[in-house]
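Chemist: First, the structure itself, so that you have it in front of you.
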Amino acid sequence: MLFKEITFLVKKEIALEIRQKYAFGGLLLYVISTVFICYLSFKRVVDPPTYVALFWIILLFAAVNAVAKSFLSESRGLQLYFYSLASAEAIIISKIIYNLMLMLFLSLITIFFYTLFLGSIIQDVPMFILSIILGSFGFSSVLSMVSAIASKANHNVTLMAILSFPILIPLLMTVVRFSKNAVDGLDRSVNYQYIVTLLALNLVVIALAIILFPYLWRNE
Amino acid sequence: MKKYWWKILCMIFMTYTVLMGLLIPLGSGITSVSPGGAKVLDTLTMQVKCYNTHFEEAKNSAKAFLKNDEFKMITCANSVKVLDDEHLELKFIIPYMPVKNDDFILADLVLNNDKDGNIMMDEAIRIDRINMLNTAINSTPAPSPKTSNCTDSITVTKATYIHFPYRSILYESIRNLYFHVPMWFTMMLIISISLIYSIKYLRSFDLNDDIIAVEASKVGIFFGVLGLITGSIWARFTWGAWWVNDVKVNGAAVTLLIYFAYLILRNSVDDAQKRARIAAVYSIIAFTMLVLFLIIFPRMNDSLHPGNGGNPGFNKYDLDSTMRMVFYPAVIGWCLLGLWILNIRIRMNKLMNKEI
């Protein structure tokens, strides 16, 4: 039953997105503009720490905008209608899955344009892609949870940014170190601790989200 | 009396902490020695500067030794001249030492007197064996002159007065242990109370639980900020900078940011029940992050703080029984003070809500 609800909700989100292309187009534009501005300032980045830090900052802001748009743009009435039909756990899980897909797509677009404009100094590409995937997972779960909270508190995007940045810090620290190791081309066994940390963090946040979300949705 | 026994206990412990923490003197230590080097078979005249010693009082029992790493005595002082309470002039005659692989050794200086007990300075003197290269192969080494009060082993005695340990790097700032550390304990305690009442609210939907949760988080933030300030002052004194790039320090700052965001979140919602619900949910997330930042991450990474990142736990590091005597009452006193502040704030908040 839960699985059916989740698949239904995810399909609905994707269908809405394909129809309107609102979040999609906006984010694409956002990412390309940001990368282009960086290109104009830096021209070419050869220093691994700068490369990695710049990439993750661009991705961080794009992620916050993406998830903010997805949750906060829905009108109250529509929400109420849809969500009286489904259980709270299904809603949050479907949001996380949808945001995950959005984030994956977004990060691949970002890395594509990033390497196009600023050159690629990545030595261990599969590990870098893995770091992007795990990072997207983390972003989507944390940001979905935080935007659920912010949407209850007057739909304020600034509030979402304020709430999410401190919580994202451990995730960012780990993923930046991981991707920097990948850019430097270090031996893969060095990164196992980071992969484990990222998976554990994701698990903790998703568990928290599933437990706490029903309390947010009650009475509404 | 039954209702406020703990408040009286808090006052007693806090007074005790502040008085004892600030008035008990630091133990004796050697700050500098000059000159720092000598050769074998030399007569070395050394000026020693100490801290918190009482040489004037214990003039007759002042002794000095040079020893090597394995606690074996190299020589004892030929003459000990007391210049004033904290300055000494020592004369050593460095004895012959057999040839080994290195041509110098680092000797530790040990002072001993009846009042201050045993004081030691690690690696005070560098003794070179260059003299021996000049002597002919077949000549016998010069015998070490006999000194009258040289015994076979170094006397080890304790000081006759209560004192805190003298540790390099820390010196007098070791007293901050009674302020900085209990404040963090208090913060952990009070934020745990906030978490418990947040969870209670989600189960009961009673607004009183929400009041306790929010006041507890405010008081917890207050103690956290105090902890950061005391830690920053301590860091300036011992590590040389107001802020260091340390896992626990950064983690503490981020945790406080998360709790500040909690307060902002509360202010952005008007309806009391809704606000309480949202705040409770966020408070649970915030506490998870706190555990992650302050407990899990420091243990995994290198850190300057004792107890984390490969440093020995702070039981062995700088707590000896004199310090423990003041430390445990300090922790209890500060925790009770935090709870007292929390109690007053909760009652104030409840009264304000009644008026509206």
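Naming scheme: A, B, ... for chains in displayed order of the structure tokens; residues 1 onward per chain; ligands 1 onward as shown.
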Could you write out as a PyMOL selection string the residues of chain B within 10 Å of chain A, counting only C-alpha atoms?

Modeler: chain B and resi 202-203+251+253-262+264-271+274-275+277-282+284-286+288-290+292-293+297

Chemist: Residues near segment 61-70 of chain B, anyone? I mean within 8 Å using only C-alpha atoms, not counting same-chain ones fewer than 3 positions away, as a PDB file with C-alpha atoms, in the first residue's frame.

Modeler:
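The result, stored in out21.pdb:
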```
ATOM      1  CA  PHE B  55      63.466  28.928  48.912  1.00  0.00           C
ATOM      2  CA  ALA B  58      63.412  26.156  53.171  1.00  0.00           C
ATOM      3  CA  MET B  73      71.211  10.471  38.879  1.00  0.00           C
ATOM      4  CA  ILE B  74      74.094  12.000  36.996  1.00  0.00           C
ATOM      5  CA  THR B  75      75.312  14.235  39.739  1.00  0.00           C
ATOM      6  CA  CYS B  76      74.090  16.363  42.582  1.00  0.00           C
ATOM      7  CA  ALA B  77      74.889  20.000  43.172  1.00  0.00           C
ATOM      8  CA  VAL B  80      73.206  25.582  46.220  1.00  0.00           C
ATOM      9  CA  LEU B  90      73.735  26.116  41.503  1.00  0.00           C
ATOM     10  CA  ILE B 105      72.835  13.841  26.410  1.00  0.00           C
ATOM     11  CA  LEU B 106      69.930  15.921  27.675  1.00  0.00           C
ATOM     12  CA  ALA B 107      69.791  15.958  31.448  1.00  0.00           C
ATOM     13  CA  ASP B 108      66.759  16.816  33.574  1.00  0.00           C
ATOM     14  CA  LEU B 109      67.096  19.177  36.492  1.00  0.00           C
ATOM     15  CA  VAL B 110      65.506  18.192  39.789  1.00  0.00           C
ATOM     16  CA  LEU B 111      65.162  20.549  42.732  1.00  0.00           C
ATOM     17  CA  ASN B 112      63.999  19.478  46.103  1.00  0.00           C
ATOM     18  CA  ASN B 113      63.248  21.297  49.300  1.00  0.00           C
ATOM     19  CA  ASP B 114      61.199  20.537  52.352  1.00  0.00           C
ATOM     20  CA  ILE B 154      67.113  11.248  44.192  1.00  0.00           C
TER      21      ILE B 154
END
```

Chemist: Please determine, counting only C-alpha atoms, which residue among A:Thr34, A:Ser41, A:Gln193, A:Ser70 has the shortest atom-to-atom distance to Leu100 of chain A.

Modeler: A:Ser70

Chemist: Measuring between only C-alpha atoms, which one of A:Phe8, A:Phe3, A:Phe61, A:Tyr194 shows the shortest distance to Leu27 of chain A?

Modeler: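 Of A:Phe8, A:Phe3, A:Phe61, A:Tyr194, the one nearest Leu27 of chain A is A:Phe61, counting only C-alpha atoms.
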
Chemist: Residues of segment 176-304 of chain B in alpha helix (DSSP H) according to DSSP, as a PyMOL selection string?

Modeler: chain B and resi 177-204+207-238+247-267+272-291+297-300

Chemist: From the set A:Tyr83, A:Tyr98, A:Phe139, A:Phe113, which residue has the shortest atom-to-atom contact distance to Tyr30 of chain A, counting only C-alpha atoms?

Modeler: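 That would be A:Phe113, the residue with the smallest distance to Tyr30 of chain A.
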
Chemist: Would you list the contacts of Gly333 of chain B as a CSV table (one decimal) with N, CA and C atoms, in the first residue's frame, taking every protein, DNA or RNA residue within 8 Å and counting only C-alpha atoms, but skipping same-chain residues closer than 2 positions in sequence?

Modeler:
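Generated file (selection36.csv):
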```csv
chain,number,residue,atom,x,y,z
B,9,LEU,N,22.3,24.5,48.1
B,9,LEU,CA,23.5,23.7,47.7
B,9,LEU,C,24.2,24.3,46.6
B,10,CYS,N,23.5,24.8,45.6
B,10,CYS,CA,24.1,25.5,44.5
B,10,CYS,C,24.9,26.6,44.9
B,11,MET,N,24.4,27.5,45.8
B,11,MET,CA,25.2,28.6,46.3
B,11,MET,C,26.5,28.2,47.0
B,12,ILE,N,26.3,27.1,47.8
B,12,ILE,CA,27.5,26.7,48.6
B,12,ILE,C,28.6,26.2,47.6
B,13,PHE,N,28.1,25.4,46.6
B,13,PHE,CA,29.1,24.8,45.7
B,13,PHE,C,29.7,25.9,44.8
B,14,MET,N,28.9,26.9,44.4
B,14,MET,CA,29.5,27.9,43.5
B,14,MET,C,30.5,28.7,44.3
B,17,THR,N,33.6,26.7,44.7
B,17,THR,CA,34.3,26.6,43.4
B,17,THR,C,35.1,27.9,43.2
B,329,PRO,N,32.6,19.4,42.6
B,329,PRO,CA,31.6,20.4,43.1
B,329,PRO,C,31.3,21.5,42.1
B,330,ALA,N,32.4,21.8,41.3
B,330,ALA,CA,32.2,22.9,40.3
B,330,ALA,C,31.1,22.5,39.3
B,331,VAL,N,31.3,21.2,38.8
B,331,VAL,CA,30.3,20.7,37.8
B,331,VAL,C,28.9,20.7,38.4
B,335,CYS,N,25.8,23.1,37.1
B,335,CYS,CA,24.6,22.5,36.6
B,335,CYS,C,23.4,23.0,37.4
B,336,LEU,N,23.5,23.1,38.8
B,336,LEU,CA,22.4,23.5,39.6
B,336,LEU,C,22.1,25.0,39.2
B,337,LEU,N,23.1,25.8,39.0
B,337,LEU,CA,22.9,27.2,38.6
B,337,LEU,C,22.1,27.3,37.3
```

Chemist: Could you please determine the separation between atom CA of Met300 of chain B and atom CA of Ser131 of chain A in Å, to one decimal place?

Modeler: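 Here the two named atoms are 20.2 Å from each other.
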
Chemist: For Phe164 of chain B, please output as a ChimeraX atom specification all residues within 9 Å (counting only C-alpha atoms; exclusion window: fewer than 2 positions along the same chain).

Modeler: /B:24-27,162,166,172,174-175,320,322-323

Chemist: Please produce an output containing C-alpha atoms for each residue in the selection, written as a PDB file, in the first residue's frame.

Modeler:
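Resulting contents of result-v8.pdb:
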```
ATOM      1  CA  ILE B  24      44.558  27.787  45.821  1.00  0.00           C
ATOM      2  CA  PRO B  25      48.110  28.506  44.646  1.00  0.00           C
ATOM      3  CA  LEU B  26      49.750  26.777  41.752  1.00  0.00           C
ATOM      4  CA  GLY B  27      52.506  24.292  42.550  1.00  0.00           C
ATOM      5  CA  ILE B 162      47.746  22.212  48.886  1.00  0.00           C
ATOM      6  CA  TYR B 166      52.143  23.177  37.489  1.00  0.00           C
ATOM      7  CA  GLU B 172      47.870  29.489  35.894  1.00  0.00           C
ATOM      8  CA  ILE B 174      44.496  25.577  34.529  1.00  0.00           C
ATOM      9  CA  ARG B 175      41.938  27.243  36.801  1.00  0.00           C
ATOM     10  CA  ASP B 320      45.019  15.089  39.850  1.00  0.00           C
ATOM     11  CA  THR B 322      43.584  18.203  44.253  1.00  0.00           C
ATOM     12  CA  MET B 323      41.886  19.388  41.103  1.00  0.00           C
TER      13      MET B 323
END
```

Chemist: If you take only C-alpha atoms and a cut-off of 12 Å, which residues of segment 147-183 of chain A touch segment 122-128 of chain A, and what are their nearest atom pairs and distances in Å to one decimal, in chain and number order, as a Markdown table?

Modeler:
```
| residue | atom | partner | partner_atom | distance |
| --- | --- | --- | --- | --- |
| A:Val175 | CA | A:Phe128 | CA | 9.7 |
| A:Val176 | CA | A:Phe128 | CA | 10.2 |
| A:Arg177 | CA | A:Phe128 | CA | 10.8 |
| A:Phe178 | CA | A:Phe128 | CA | 7.9 |
| A:Ser179 | CA | A:Phe128 | CA | 5.4 |
| A:Lys180 | CA | A:Phe128 | CA | 8.3 |
| A:Asn181 | CA | A:Asp124 | CA | 8.4 |
| A:Ala182 | CA | A:Asp124 | CA | 5.0 |
| A:Val183 | CA | A:Ile122 | CA | 4.2 |
```

Chemist: Suppose we keep N, CA and C atoms; can you now write the selection as a compact mmCIF listing (two decimals), in the first residue's frame?

Modeler:
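Just written: result39.txt:
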```txt
# COMPACT_ATOMS: atom_id res chain seq x y z
N VAL A 175 31.67 15.43 1.88
CA VAL A 175 31.62 15.24 0.44
C VAL A 175 32.73 16.04 -0.25
N VAL A 176 33.09 17.20 0.33
CA VAL A 176 34.17 17.98 -0.26
C VAL A 176 35.51 17.24 -0.14
N ARG A 177 35.73 16.65 1.07
CA ARG A 177 36.98 15.89 1.22
C ARG A 177 37.03 14.70 0.27
N PHE A 178 35.88 14.03 0.16
CA PHE A 178 35.79 12.86 -0.70
C PHE A 178 36.08 13.24 -2.15
N SER A 179 35.40 14.30 -2.64
CA SER A 179 35.60 14.65 -4.03
C SER A 179 36.99 15.22 -4.28
N LYS A 180 37.58 15.85 -3.26
CA LYS A 180 38.94 16.34 -3.45
C LYS A 180 39.90 15.17 -3.59
N ASN A 181 39.68 14.10 -2.81
CA ASN A 181 40.51 12.92 -2.98
C ASN A 181 40.36 12.34 -4.37
N ALA A 182 39.12 12.41 -4.88
CA ALA A 182 38.90 11.88 -6.23
C ALA A 182 39.60 12.75 -7.26
N VAL A 183 39.56 14.08 -7.08
CA VAL A 183 40.23 14.96 -8.03
C VAL A 183 41.73 14.74 -7.99
```

Chemist: Can you list, as a compact mmCIF listing (two decimals) with N, CA and C atoms, in the first residue's frame, every protein, DNA or RNA residue that comes within 10 Å of Thr7 of chain A when you count only C-alpha atoms, leaving out same-chain residues fewer than 6 positions away?

Modeler:
```
# COMPACT_ATOMS: atom_id res chain seq x y z
N GLU A 13 4.50 13.98 -9.43
CA GLU A 13 5.47 15.09 -9.41
C GLU A 13 6.18 15.20 -10.75
N ALA A 90 4.32 8.32 3.11
CA ALA A 90 4.42 8.23 1.65
C ALA A 90 4.76 9.57 1.05
N ILE A 93 8.53 10.39 1.70
CA ILE A 93 9.44 9.52 0.93
C ILE A 93 9.37 9.88 -0.54
N SER A 94 8.15 10.16 -1.02
CA SER A 94 8.03 10.51 -2.44
C SER A 94 8.73 11.83 -2.72
N ILE A 97 12.43 11.11 -2.89
CA ILE A 97 12.83 10.42 -4.12
C ILE A 97 12.79 11.39 -5.30
```

Chemist: Have a look at A:Asn99, A:Ala88, A:Leu106, A:Leu118 and name the one nearest to Gly25 of chain A; count only C-alpha atoms.

Modeler: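 Between A:Asn99, A:Ala88, A:Leu106, A:Leu118, the residue approaching Gly25 of chain A most closely is A:Leu106.
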
Chemist: Kindly give the distance, in Å, that separates atom CA of Val46 of chain A and atom CA of Ile133 of chain A, rounded to a single decimal.

Modeler: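 If I compute the distance from atom CA of Val46 of chain A to atom CA of Ile133 of chain A, I get 23.5 Å.
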
Chemist: Using only C-alpha atoms, which protein or nucleic acid residues come within 7 Å of Tyr178 of chain B? Drop anything in the same chain fewer than 4 positions from it, and give the result as a list of chain:residue names.

Modeler: B:Gly21, B:Pro182, B:Phe327, B:Ala330

Chemist: Would you write out those residues with N, CA and C atoms, as a compact mmCIF listing (two decimals), in the first residue's frame?

Modeler:
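Contents of again26.txt, freshly written:
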```txt
# COMPACT_ATOMS: atom_id res chain seq x y z
N GLY B 21 38.87 27.68 43.51
CA GLY B 21 39.45 27.68 42.17
C GLY B 21 40.42 28.82 41.96
N PRO B 182 32.64 22.90 33.10
CA PRO B 182 31.29 22.77 33.65
C PRO B 182 30.23 23.48 32.82
N PHE B 327 36.83 20.14 41.20
CA PHE B 327 36.15 20.01 39.91
C PHE B 327 34.76 19.43 40.04
N ALA B 330 32.37 21.84 41.32
CA ALA B 330 32.16 22.88 40.31
C ALA B 330 31.12 22.45 39.29
```

Chemist: Could you state the separation of atom CA of Thr158 of chain A and atom CA of Ser144 of chain A in Å, given to one decimal place?

Modeler: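 Separation between atom CA of Thr158 of chain A and atom CA of Ser144 of chain A: 14.9 Å.
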
Chemist: Excluding same-chain residues fewer than 5 positions from Ser28 of chain B, what lies within 6 Å of it counting only C-alpha atoms, as a VMD selection string?

Modeler: chain B and resid 51 to 53

Chemist: Could you check the closest approach to Val142 of chain A for each of A:Ala63, A:Asn191, A:Phe112, A:Met1 and tell me which residue wins, using only C-alpha atoms?

Modeler: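 Counting only C-alpha atoms, the residue closest to Val142 of chain A is A:Ala63.
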